[in-house]
Number of protein chains: 2
Amino acid sequence: MALIPFKLTDEFVTQVQALIDSKSDSKLLALLDDVHYADIAEVVEELSLEEATYLIKLLDSEKTSDVIAELDDDVREGLLENLSDKEIADELQELDTDDAADIIGELPEERKEEVISQIEDEEHAAEIVELLRYDEDTAGGLMAKELVRVNENWNVLKCVKEMRAQAEEVTRVHSIYVVDDQDKLKGRLSLKDLLTTSTRAQIRDVYIPKVDYVSVHDKGEEVAKVMSKYDLEAIPVVDEMGRLVGRITIDDIVDVIKEEAEKDYQLAAGITQDVEADDSIIELTKARLPWLFLGLIGGVGAFLIMGGFEDSFKDNAVLFFFTPLIAAMAGNVGVQSSAIIVQGLANDDVKGSINNRLVKEMLLATLNGTILALFLFFFVWGYEKDMAKALAISVSLVVVIIVAGLIGTFIPLFLDKRGIDPAIATGPFITTSNDIFGILIYFWIAKLILSI
Amino acid sequence: MALIPFKLTDEFVTQVQALIDSKSDSKLLALLDDVHYADIAEVVEELSLEEATYLIKLLDSEKTSDVIAELDDDVREGLLENLSDKEIADELQELDTDDAADIIGELPEERKEEVISQIEDEEHAAEIVELLRYDEDTAGGLMAKELVRVNENWNVLKCVKEMRAQAEEVTRVHSIYVVDDQDKLKGRLSLKDLLTTSTRAQIRDVYIPKVDYVSVHDKGEEVAKVMSKYDLEAIPVVDEMGRLVGRITIDDIVDVIKEEAEKDYQLAAGITQDVEADDSIIELTKARLPWLFLGLIGGVGAFLIMGGFEDSFKDNAVLFFFTPLIAAMAGNVGVQSSAIIVQGLANDDVKGSINNRLVKEMLLATLNGTILALFLFFFVWGYEKDMAKALAISVSLVVVIIVAGLIGTFIPLFLDKRGIDPAIATGPFITTSNDIFGILIYFWIAKLILSI
């Protein structure tokens with residue numbers, strides 16, 4: 001029995017490296033025989049490119065195909081460069097069509113055709129080519145061709161026979177899909193039903209005509225929502241004519257959900273692109289610098305605003321010392337309210353009109369702002385012994401928090417209505433604009449109250 | 001065939017409400033007959049408590065049990081208050097043990113026992129009680145008792161017969177678990193295998209002795225990692241003695257993954273607790289105010305620091321105008337680097353020592369900081385015609401970015417080593433501390449360079 005999880009240790013990697021160095025092939029095979037492909041992929045990611053290539057060429061392609069499918073994009077890219085077209089084709093031969101298509105999609109254009117032509121099983125190759133037609137973010141791009149389909153005109157006996165042949169190719173059966181003579185999706189059967197039905201029964205009499213499906217062009221994100229809402233473990237995919245063309249399983253959807261969450265998290269933190277802690281400094285700079293630059297522009301804007309008020313506040317220099325506080329509060333409130341909206345939109349939880357949202361956020365911000373402003377008022381009053389200044393700063397804080405809350409609420413809702421991913425509105429975008437608005441509002445109000 | 005997704009419209013809700021008002025029970029039943037329980041749950045969440053109670057009492061408990069399990073916690077809480085112990089028990093009777101246990105867990109202490117005693121099926125009740133023993137964040141808290149188990153000493157024929165009886169209770173079979181006479185988990189069988197094996201074969205000869213499992217006390221997060229890494233759709237759960245006690249399915253894990261991601265996202269945005277856009281203003285204030293208060297303290301800190309440098313920079317007031325820029329950059333860099341580490345830790349991607357991480361972040365921050373500082377240098381020089389000031393501000397920016405990056409990298413790694421959720425280190429916690437450190441460093445360096 002396999003006790004899990006496997007924990008990748010430095011010793012294990014060193015052991016593998018030593019065996020590769022000494023070309024102890026049989027020992028290497030024995031060591032890795034019992035290791036899950038997902039774990040081998042973790043080991044490979046720790047190896048040098050040469051070591052990784054050696055290992056992949058040594059192991060059986062039934063195993064290495066899954067290892068390659070599991071690898072990080074950049075490790076895989078390097079590895080595939082070291083393999084011949086034929087070697088890649090042999091790996092793809094072993095993979096499900098969806099994984100194979102994903103890998104081919106990453107190859108340089110000039111290699112794609114050559115690799116496909118070298119795949120032995122022509123039907124498999126044709127199915128992969130079909131999948132390559134679809135955008136990777138759609139149901140077509142997520143689906144695999146592997147599924148079990150039976151004709152409504154068969155009886156259960158014929159169905160079980162055909163299924164045995166088809167099931168060879170399909171890792172997990174889940175549902176048996178029932179189609180008519182035109183291959184149009186009619187319904188489904190569960191393995192459980194098959195086990196409990198007479199073998200002479202006609203499929204048309206026993207299948208369940210109610211089946212959830214998605215269309216090839218539906219967005220991956222939508223498929224994920226549907227599958228997780230209805231707790232589906234597999235969903236059939238139909239083309240424009242209603243013909244059954246593929247199937248999406250929950251494990252692929254788990255990946256979509258995770259990627260979506262990571263993307264939103266990174267955007268909120270001011271990181272574009274899909275980077276990881278282990279990426280190169282250049283990659284990380286590309287993902288981080290643009291947002292920092294935005295922050296720099298915002299900071300320069302704040303500087304110009306403060307410079308513009310320099311003469312007015314000459315005798316009240318202390319007011320300048322509160323700009324970091326005002327900017328921080330504006331940024332924090334903006335991020336909070338935008339994050340709640342972005343998350344609500346992702347979960348389809350945001351109902352009702354934009355106006356209702358804005359009214360609610362205004363009440364919320366007024367409540368929060370007033371509580372915080374009271375603290376600030378008494379602090380400034382006590383510290384500076386100047387009630388007018390304390391009042392000016394506190395009132396500004398309330399107004400700034402309200403405006404920041406409204407901007408944080410409005411921008412993601414507006415972007416979403418325009419069909420733009422609202423997640424970009426969280427993070428530096430909202431903090432920078434709120435910094436500037438916040439400081440501007442602060443000085444205006446202070447000027448008004450202190451009648452300067 | 002059900003075309004999905006169902007899209008909840010205001011008209012549909014109004015229609016349901018009108019039918020409830022006029023007590024048109026048969027029309028209501030007909031309207032909702034074909035609607036999925038997850039969709040009915042969405043409708044119920046839009047109704048008033050009285051309307052919702054009416055609807056739940058009207059519909060068949062086979063359907064309403066799933067609806068209740070699907071509802072938002074707070075809606076369910078109100079609804080259950082309106083149902084009698086017996087009514088709740090009837091709903092639980094229809095649910096899988098894991099969902100039933102979750103619902104009982106939410107009931108007030110004094111009702112729990114009474115509701116359980118009213119569940120008709122005593123075995124079901126006993127299983128629910130067993131599940132209540134486990135912490136909800138562990139494998140025991142996630143698992144259901146429903147699964148298909150066969151004894152290694154049976155033959156395939158007996159196995160199929162027993163399975164048919166057991167499968168009645170189990171929504172999705174996935175795997176058939178093989179146990180010995182002591183109920184210890186020995187291995188598994190797939191339905192596919194059963195379909196393709198002679199009925200006279202002994203289970204002991206055909207089962208797969210390699211099976212991944214988790215222990216009742218393993219953390220939910222760990223189970224999620226294992227299941228998504230190995231693409232498992234179900235995993236058996238064993239107790240301390242290795243006895244098979246339950247099963248966790250991927251749909252529950254999808255929920256764990258989503259909740260985990262949402263929690264991290266909210267923490268990064270400065271929101272504690274599990275709040276949603278539709279929660280009350282009081283709930284939202286409780287989740288948001290503490291972090292804003294932290295920001296306020298930070299702002300007061302920044303004010304005090306600036307006040308401390310007031311005399312030194314009397315003749316260089318322009319330096320004060322760059323504090324929002326410095327604070328914003330320190331905050332942004334801190335959030336970026338902490339987010340990457342937090343995400344890497346969640347994915348087990350962060351290997352190697354803390355020192356290596358810090359060196360890498362230092363190089364990265366130096367690169368980013370230098371590029372940004374060059375822009376700032378030329379801007380200030382051009383605008384203020386004062387090279388010394390431009391130099392002071394730019395050099396400070398580089399140092400502040402490096403320190404912020406190091407703090408952002410170190411804190412989550414440190415928290416993680418201490419067993420504290422590193423996600424709390426992103427968001428206001430890091431921005432506030434970086435604001436203060438940033439401003440302090442800025443004035444120190446400026447003072448040094450301008451030899452004030």
# chains A, B, ... in the order shown; residues from 1 in each chain; ligands from 1
>>> calpha_fit_rmsd(fixed="chain A", moving="chain B")
0.1 Å
>>> residues_around(residues="stretch 280-289 of chain A", least_positions_apart="5", cutoff="12 Å", atoms="only C-alpha atoms", output="ChimeraX atom specification")
/A:74,263,266-275,294-296,427-428 /B:329,332-337,339-340,357,359-373,401,405
>>> write_last_selection(atoms="C-alpha atoms", output="mmCIF file, in the first residue's frame")
data_model
loop_
_atom_site.group_PDB
_atom_site.id
_atom_site.type_symbol
_atom_site.label_atom_id
_atom_site.label_comp_id
_atom_site.auth_asym_id
_atom_site.auth_seq_id
_atom_site.Cartn_x
_atom_site.Cartn_y
_atom_site.Cartn_z
ATOM 1 C CA ASP A 74 9.574 26.000 -18.836
ATOM 2 C CA LYS A 263 -4.112 34.732 -11.368
ATOM 3 C CA GLN A 266 -1.235 37.731 -8.333
ATOM 4 C CA LEU A 267 -3.134 40.594 -9.953
ATOM 5 C CA ALA A 268 -4.224 41.778 -6.514
ATOM 6 C CA ALA A 269 -0.585 41.716 -5.455
ATOM 7 C CA GLY A 270 0.597 43.613 -8.528
ATOM 8 C CA ILE A 271 2.140 40.751 -10.463
ATOM 9 C CA THR A 272 1.176 40.037 -14.044
ATOM 10 C CA GLN A 273 1.766 36.836 -15.940
ATOM 11 C CA ASP A 274 1.924 33.443 -14.456
ATOM 12 C CA VAL A 275 5.174 33.569 -12.504
ATOM 13 C CA LEU A 294 2.543 52.581 -12.084
ATOM 14 C CA GLY A 295 3.156 53.129 -8.372
ATOM 15 C CA LEU A 296 6.076 55.433 -9.214
ATOM 16 C CA GLY A 427 -3.925 45.845 -6.343
ATOM 17 C CA PRO A 428 -1.663 48.646 -7.567
ATOM 18 C CA MET B 329 6.719 51.689 -3.437
ATOM 19 C CA ASN B 332 3.881 47.464 -3.425
ATOM 20 C CA VAL B 333 7.224 45.674 -3.408
ATOM 21 C CA GLY B 334 6.441 44.070 -0.057
ATOM 22 C CA VAL B 335 3.095 42.779 -1.282
ATOM 23 C CA GLN B 336 4.596 41.456 -4.504
ATOM 24 C CA SER B 337 7.365 39.514 -2.857
ATOM 25 C CA ALA B 339 2.473 37.089 -2.485
ATOM 26 C CA ILE B 340 4.943 35.079 -4.534
ATOM 27 C CA ARG B 357 15.449 33.206 -1.265
ATOM 28 C CA VAL B 359 19.684 36.652 -1.900
ATOM 29 C CA LYS B 360 17.468 36.189 -4.952
ATOM 30 C CA GLU B 361 14.945 38.758 -3.763
ATOM 31 C CA MET B 362 17.796 41.164 -3.069
ATOM 32 C CA LEU B 363 19.106 40.846 -6.612
ATOM 33 C CA LEU B 364 15.603 41.217 -8.008
ATOM 34 C CA ALA B 365 14.839 44.250 -5.847
ATOM 35 C CA THR B 366 18.171 45.839 -6.728
ATOM 36 C CA LEU B 367 17.426 45.434 -10.432
ATOM 37 C CA ASN B 368 13.859 46.750 -10.181
ATOM 38 C CA GLY B 369 14.860 49.469 -7.740
ATOM 39 C CA THR B 370 17.712 50.739 -9.911
ATOM 40 C CA ILE B 371 15.533 50.998 -13.011
ATOM 41 C CA LEU B 372 12.832 52.872 -11.109
ATOM 42 C CA ALA B 373 15.349 55.064 -9.293
ATOM 43 C CA ILE B 401 12.788 48.682 -2.350
ATOM 44 C CA GLY B 405 11.493 43.024 -0.777
#
>>> interface_residues(of="chain A", to="chain B", cutoff="6 Å", atoms="only C-alpha atoms", output="list in words")
Met1, Ala2, Lys210, Val211, Asp212, Asp231, Asp251, Tyr265, Ala269, Ala277, Ile281, Gly299, Phe303, Met306, Phe321, Phe322, Pro324, Leu325, Val335, Gln336, Ile340, Gly344 and Leu364 of chain A
>>> closest_residue(among="B:Ser65, B:Ser117, B:Ser175, B:Asn82", to="B:Asp96", atoms="only C-alpha atoms")
B:Ser65
>>> closest_residue(among="A:Val67, A:Phe429, A:Leu32, A:Ile449", to="A:Ala390", atoms="only C-alpha atoms")
A:Ile449
>>> atom_distance(atom1="atom CA of A:Phe437", atom2="atom CA of A:Ser312")
18.6 Å
>>> atom_distance(atom1="atom CA of B:Ala165", atom2="atom CA of B:Glu123")
15.3 Å
>>> residues_around(residues="A:Val237", least_positions_apart="4", cutoff="12 Å", atoms="only C-alpha atoms", output="compact mmCIF listing (two decimals) with C-alpha atoms, in the first residue's frame")
# COMPACT_ATOMS: atom_id res chain seq x y z
CA THR A 138 -12.58 27.10 -24.06
CA ALA A 139 -14.39 23.84 -23.41
CA GLY A 140 -12.94 22.59 -26.72
CA GLY A 141 -9.45 23.34 -25.47
CA LEU A 142 -10.06 21.54 -22.18
CA MET A 143 -11.83 18.44 -23.42
CA ALA A 144 -10.36 15.06 -24.26
CA LYS A 145 -11.61 12.86 -27.07
CA GLU A 146 -11.46 9.79 -24.82
CA LEU A 147 -14.95 8.83 -23.65
CA TYR A 177 -22.85 8.80 -23.18
CA LYS A 184 -26.02 13.64 -31.41
CA LEU A 185 -25.93 13.50 -27.61
CA VAL A 211 -27.75 15.27 -19.26
CA ASP A 212 -25.82 18.44 -18.59
CA TYR A 213 -23.42 19.41 -21.33
CA VAL A 214 -21.36 22.33 -22.53
CA SER A 215 -20.59 23.58 -26.00
CA VAL A 216 -17.07 23.58 -27.50
CA HIS A 217 -16.95 27.37 -27.46
CA ASP A 218 -18.00 27.87 -23.84
CA LYS A 219 -15.31 29.49 -21.71
CA GLY A 220 -13.24 27.28 -19.43
CA VAL A 223 -17.36 25.18 -17.45
CA MET A 241 -24.73 20.65 -34.28
CA GLY A 242 -25.25 19.03 -30.90
CA ARG A 243 -22.89 16.17 -31.74
CA LEU A 244 -20.86 14.63 -28.95
CA VAL A 245 -17.22 15.62 -29.55
CA GLY A 246 -15.47 15.25 -26.22
CA ARG A 247 -15.55 15.14 -22.47
CA ILE A 248 -14.10 17.29 -19.69
CA THR A 249 -13.22 15.68 -16.37
CA LEU B 3 -29.31 23.15 -21.23
CA ILE B 4 -27.03 24.72 -18.70
>>> select_by_dssp(residues="stretch 117-219 of chain B", states="helix (DSSP H, G or I)", output="PyMOL selection string")
chain B and resi 117+122-132+139-142+156-167+191-195+203-206
>>> write_last_selection(atoms="C-alpha atoms", output="mmCIF file, in the first residue's frame")
data_model
loop_
_atom_site.group_PDB
_atom_site.id
_atom_site.type_symbol
_atom_site.label_atom_id
_atom_site.label_comp_id
_atom_site.auth_asym_id
_atom_site.auth_seq_id
_atom_site.Cartn_x
_atom_site.Cartn_y
_atom_site.Cartn_z
ATOM 1 C CA SER B 117 -32.513 11.050 17.998
ATOM 2 C CA GLU B 122 -30.400 4.378 13.261
ATOM 3 C CA GLU B 123 -27.321 3.287 11.372
ATOM 4 C CA HIS B 124 -27.339 6.556 9.442
ATOM 5 C CA ALA B 125 -27.674 8.461 12.719
ATOM 6 C CA ALA B 126 -24.804 6.522 14.281
ATOM 7 C CA GLU B 127 -22.585 7.269 11.288
ATOM 8 C CA ILE B 128 -23.389 10.966 11.521
ATOM 9 C CA VAL B 129 -22.539 10.957 15.228
ATOM 10 C CA GLU B 130 -19.230 9.299 14.398
ATOM 11 C CA LEU B 131 -18.404 12.034 11.871
ATOM 12 C CA LEU B 132 -19.237 14.769 14.382
ATOM 13 C CA ALA B 139 -9.984 14.255 6.599
ATOM 14 C CA GLY B 140 -12.404 12.861 9.188
ATOM 15 C CA GLY B 141 -14.460 16.033 8.975
ATOM 16 C CA LEU B 142 -14.542 15.912 5.182
ATOM 17 C CA VAL B 156 -16.637 -11.520 -7.959
ATOM 18 C CA LEU B 157 -20.223 -12.803 -8.082
ATOM 19 C CA LYS B 158 -20.843 -12.211 -4.385
ATOM 20 C CA CYS B 159 -19.040 -8.910 -4.700
ATOM 21 C CA VAL B 160 -21.363 -7.722 -7.489
ATOM 22 C CA LYS B 161 -24.404 -8.834 -5.480
ATOM 23 C CA GLU B 162 -23.265 -7.046 -2.320
ATOM 24 C CA MET B 163 -22.253 -4.041 -4.327
ATOM 25 C CA ARG B 164 -25.681 -3.656 -5.836
ATOM 26 C CA ALA B 165 -27.140 -3.385 -2.372
ATOM 27 C CA GLN B 166 -24.451 -0.971 -1.167
ATOM 28 C CA ALA B 167 -24.454 1.074 -4.366
ATOM 29 C CA LEU B 191 -15.985 -0.952 -11.704
ATOM 30 C CA LYS B 192 -14.219 -1.327 -15.025
ATOM 31 C CA ASP B 193 -12.195 -4.234 -13.624
ATOM 32 C CA LEU B 194 -15.343 -5.881 -12.327
ATOM 33 C CA LEU B 195 -16.943 -5.636 -15.752
ATOM 34 C CA ILE B 203 -11.430 -10.809 -5.042
ATOM 35 C CA ARG B 204 -8.071 -11.524 -3.352
ATOM 36 C CA ASP B 205 -6.706 -12.526 -6.747
ATOM 37 C CA VAL B 206 -7.943 -9.562 -8.739
#
>>> residues_around(residues="stretch 18-21 of chain A", least_positions_apart="4", cutoff="10 Å", atoms="only C-alpha atoms", output="list in words")
Phe12, Val13, Thr14, Asp25, Ser26, Lys27, Leu28, Leu29, Leu31, Glu50, Glu51, Ala52, Tyr54, Leu55 and Leu58 of chain A
>>> write_last_selection(atoms="N, CA and C atoms", output="PDB file, in the first residue's frame")
ATOM      1  N   PHE A  12      16.914  12.206  -1.876  1.00  0.00           N
ATOM      2  CA  PHE A  12      16.367  11.415  -2.972  1.00  0.00           C
ATOM      3  C   PHE A  12      16.868  11.956  -4.308  1.00  0.00           C
ATOM      4  N   VAL A  13      16.842  13.279  -4.456  1.00  0.00           N
ATOM      5  CA  VAL A  13      17.311  13.895  -5.705  1.00  0.00           C
ATOM      6  C   VAL A  13      18.796  13.584  -5.912  1.00  0.00           C
ATOM      7  N   THR A  14      19.576  13.714  -4.827  1.00  0.00           N
ATOM      8  CA  THR A  14      21.013  13.432  -4.922  1.00  0.00           C
ATOM      9  C   THR A  14      21.257  11.981  -5.349  1.00  0.00           C
ATOM     10  N   ASP A  25      21.628   2.275 -14.893  1.00  0.00           N
ATOM     11  CA  ASP A  25      20.259   2.255 -15.400  1.00  0.00           C
ATOM     12  C   ASP A  25      19.313   1.339 -14.623  1.00  0.00           C
ATOM     13  N   SER A  26      19.782   0.132 -14.322  1.00  0.00           N
ATOM     14  CA  SER A  26      18.842  -0.803 -13.695  1.00  0.00           C
ATOM     15  C   SER A  26      18.491  -0.362 -12.280  1.00  0.00           C
ATOM     16  N   LYS A  27      19.479   0.197 -11.576  1.00  0.00           N
ATOM     17  CA  LYS A  27      19.199   0.700 -10.226  1.00  0.00           C
ATOM     18  C   LYS A  27      18.221   1.861 -10.269  1.00  0.00           C
ATOM     19  N   LEU A  28      18.401   2.701 -11.274  1.00  0.00           N
ATOM     20  CA  LEU A  28      17.540   3.863 -11.445  1.00  0.00           C
ATOM     21  C   LEU A  28      16.098   3.417 -11.706  1.00  0.00           C
ATOM     22  N   LEU A  29      15.966   2.434 -12.589  1.00  0.00           N
ATOM     23  CA  LEU A  29      14.633   1.917 -12.917  1.00  0.00           C
ATOM     24  C   LEU A  29      13.970   1.320 -11.680  1.00  0.00           C
ATOM     25  N   LEU A  31      14.634   2.043  -8.549  1.00  0.00           N
ATOM     26  CA  LEU A  31      14.340   3.094  -7.568  1.00  0.00           C
ATOM     27  C   LEU A  31      13.043   3.834  -7.899  1.00  0.00           C
ATOM     28  N   GLU A  50      20.379  18.138 -18.751  1.00  0.00           N
ATOM     29  CA  GLU A  50      21.023  16.918 -19.268  1.00  0.00           C
ATOM     30  C   GLU A  50      20.563  15.691 -18.473  1.00  0.00           C
ATOM     31  N   GLU A  51      20.571  15.838 -17.147  1.00  0.00           N
ATOM     32  CA  GLU A  51      20.135  14.727 -16.302  1.00  0.00           C
ATOM     33  C   GLU A  51      18.677  14.369 -16.590  1.00  0.00           C
ATOM     34  N   ALA A  52      17.853  15.415 -16.722  1.00  0.00           N
ATOM     35  CA  ALA A  52      16.428  15.178 -16.964  1.00  0.00           C
ATOM     36  C   ALA A  52      16.234  14.430 -18.282  1.00  0.00           C
ATOM     37  N   TYR A  54      18.343  12.506 -19.831  1.00  0.00           N
ATOM     38  CA  TYR A  54      18.815  11.130 -19.670  1.00  0.00           C
ATOM     39  C   TYR A  54      17.729  10.270 -19.018  1.00  0.00           C
ATOM     40  N   LEU A  55      17.140  10.820 -17.961  1.00  0.00           N
ATOM     41  CA  LEU A  55      16.143  10.068 -17.210  1.00  0.00           C
ATOM     42  C   LEU A  55      14.908   9.779 -18.064  1.00  0.00           C
ATOM     43  N   LEU A  58      15.499   7.154 -20.517  1.00  0.00           N
ATOM     44  CA  LEU A  58      15.674   5.833 -19.910  1.00  0.00           C
ATOM     45  C   LEU A  58      14.339   5.188 -19.550  1.00  0.00           C
TER      46      LEU A  58
END
>>> closest_residue(among="B:Glu221, B:Glu77, B:Asp421, B:Asp90", to="B:Glu106", atoms="only C-alpha atoms")
B:Glu77
>>> residues_around(residues="A:Ala446", least_positions_apart="6", cutoff="9 Å", atoms="only C-alpha atoms", output="MDAnalysis selection string")
chainID A and resid 319 389 391:393 395:396 452
>>> write_last_selection(atoms="C-alpha atoms", output="PDB file, in the first residue's frame")
ATOM      1  CA  LEU A 319      -0.660  68.639   7.535  1.00  0.00           C
ATOM      2  CA  LYS A 389      -6.413  70.948  12.398  1.00  0.00           C
ATOM      3  CA  LEU A 391     -11.100  68.470  12.603  1.00  0.00           C
ATOM      4  CA  ALA A 392      -9.712  69.140   9.137  1.00  0.00           C
ATOM      5  CA  ILE A 393      -7.709  65.917   9.112  1.00  0.00           C
ATOM      6  CA  VAL A 395     -13.221  65.050   8.243  1.00  0.00           C
ATOM      7  CA  SER A 396     -10.890  64.538   5.277  1.00  0.00           C
ATOM      8  CA  ILE A 452      -6.675  79.093   4.059  1.00  0.00           C
TER       9      ILE A 452
END
>>> closest_residue(among="A:Gly438, A:Asp99, A:Gln118, A:Glu109", to="A:Val398", atoms="only C-alpha atoms")
A:Gly438
>>> select_by_dssp(residues="stretch 182-416 of chain A", states="strand (DSSP E or B)", output="list in words")
Lys184, Leu185, Lys186, Gly187, Arg188, Leu189, Ser190, Gln202, Ile208, Tyr213, Val214, Ser215, Lys219, Ala234, Ile235, Pro236, Val237, Val238, Arg243, Leu244, Val245, Gly246, Arg247, Ile248 and Thr249 of chain A
>>> atom_distance(atom1="atom CA of A:Phe313", atom2="atom CA of A:Leu374")
23.3 Å
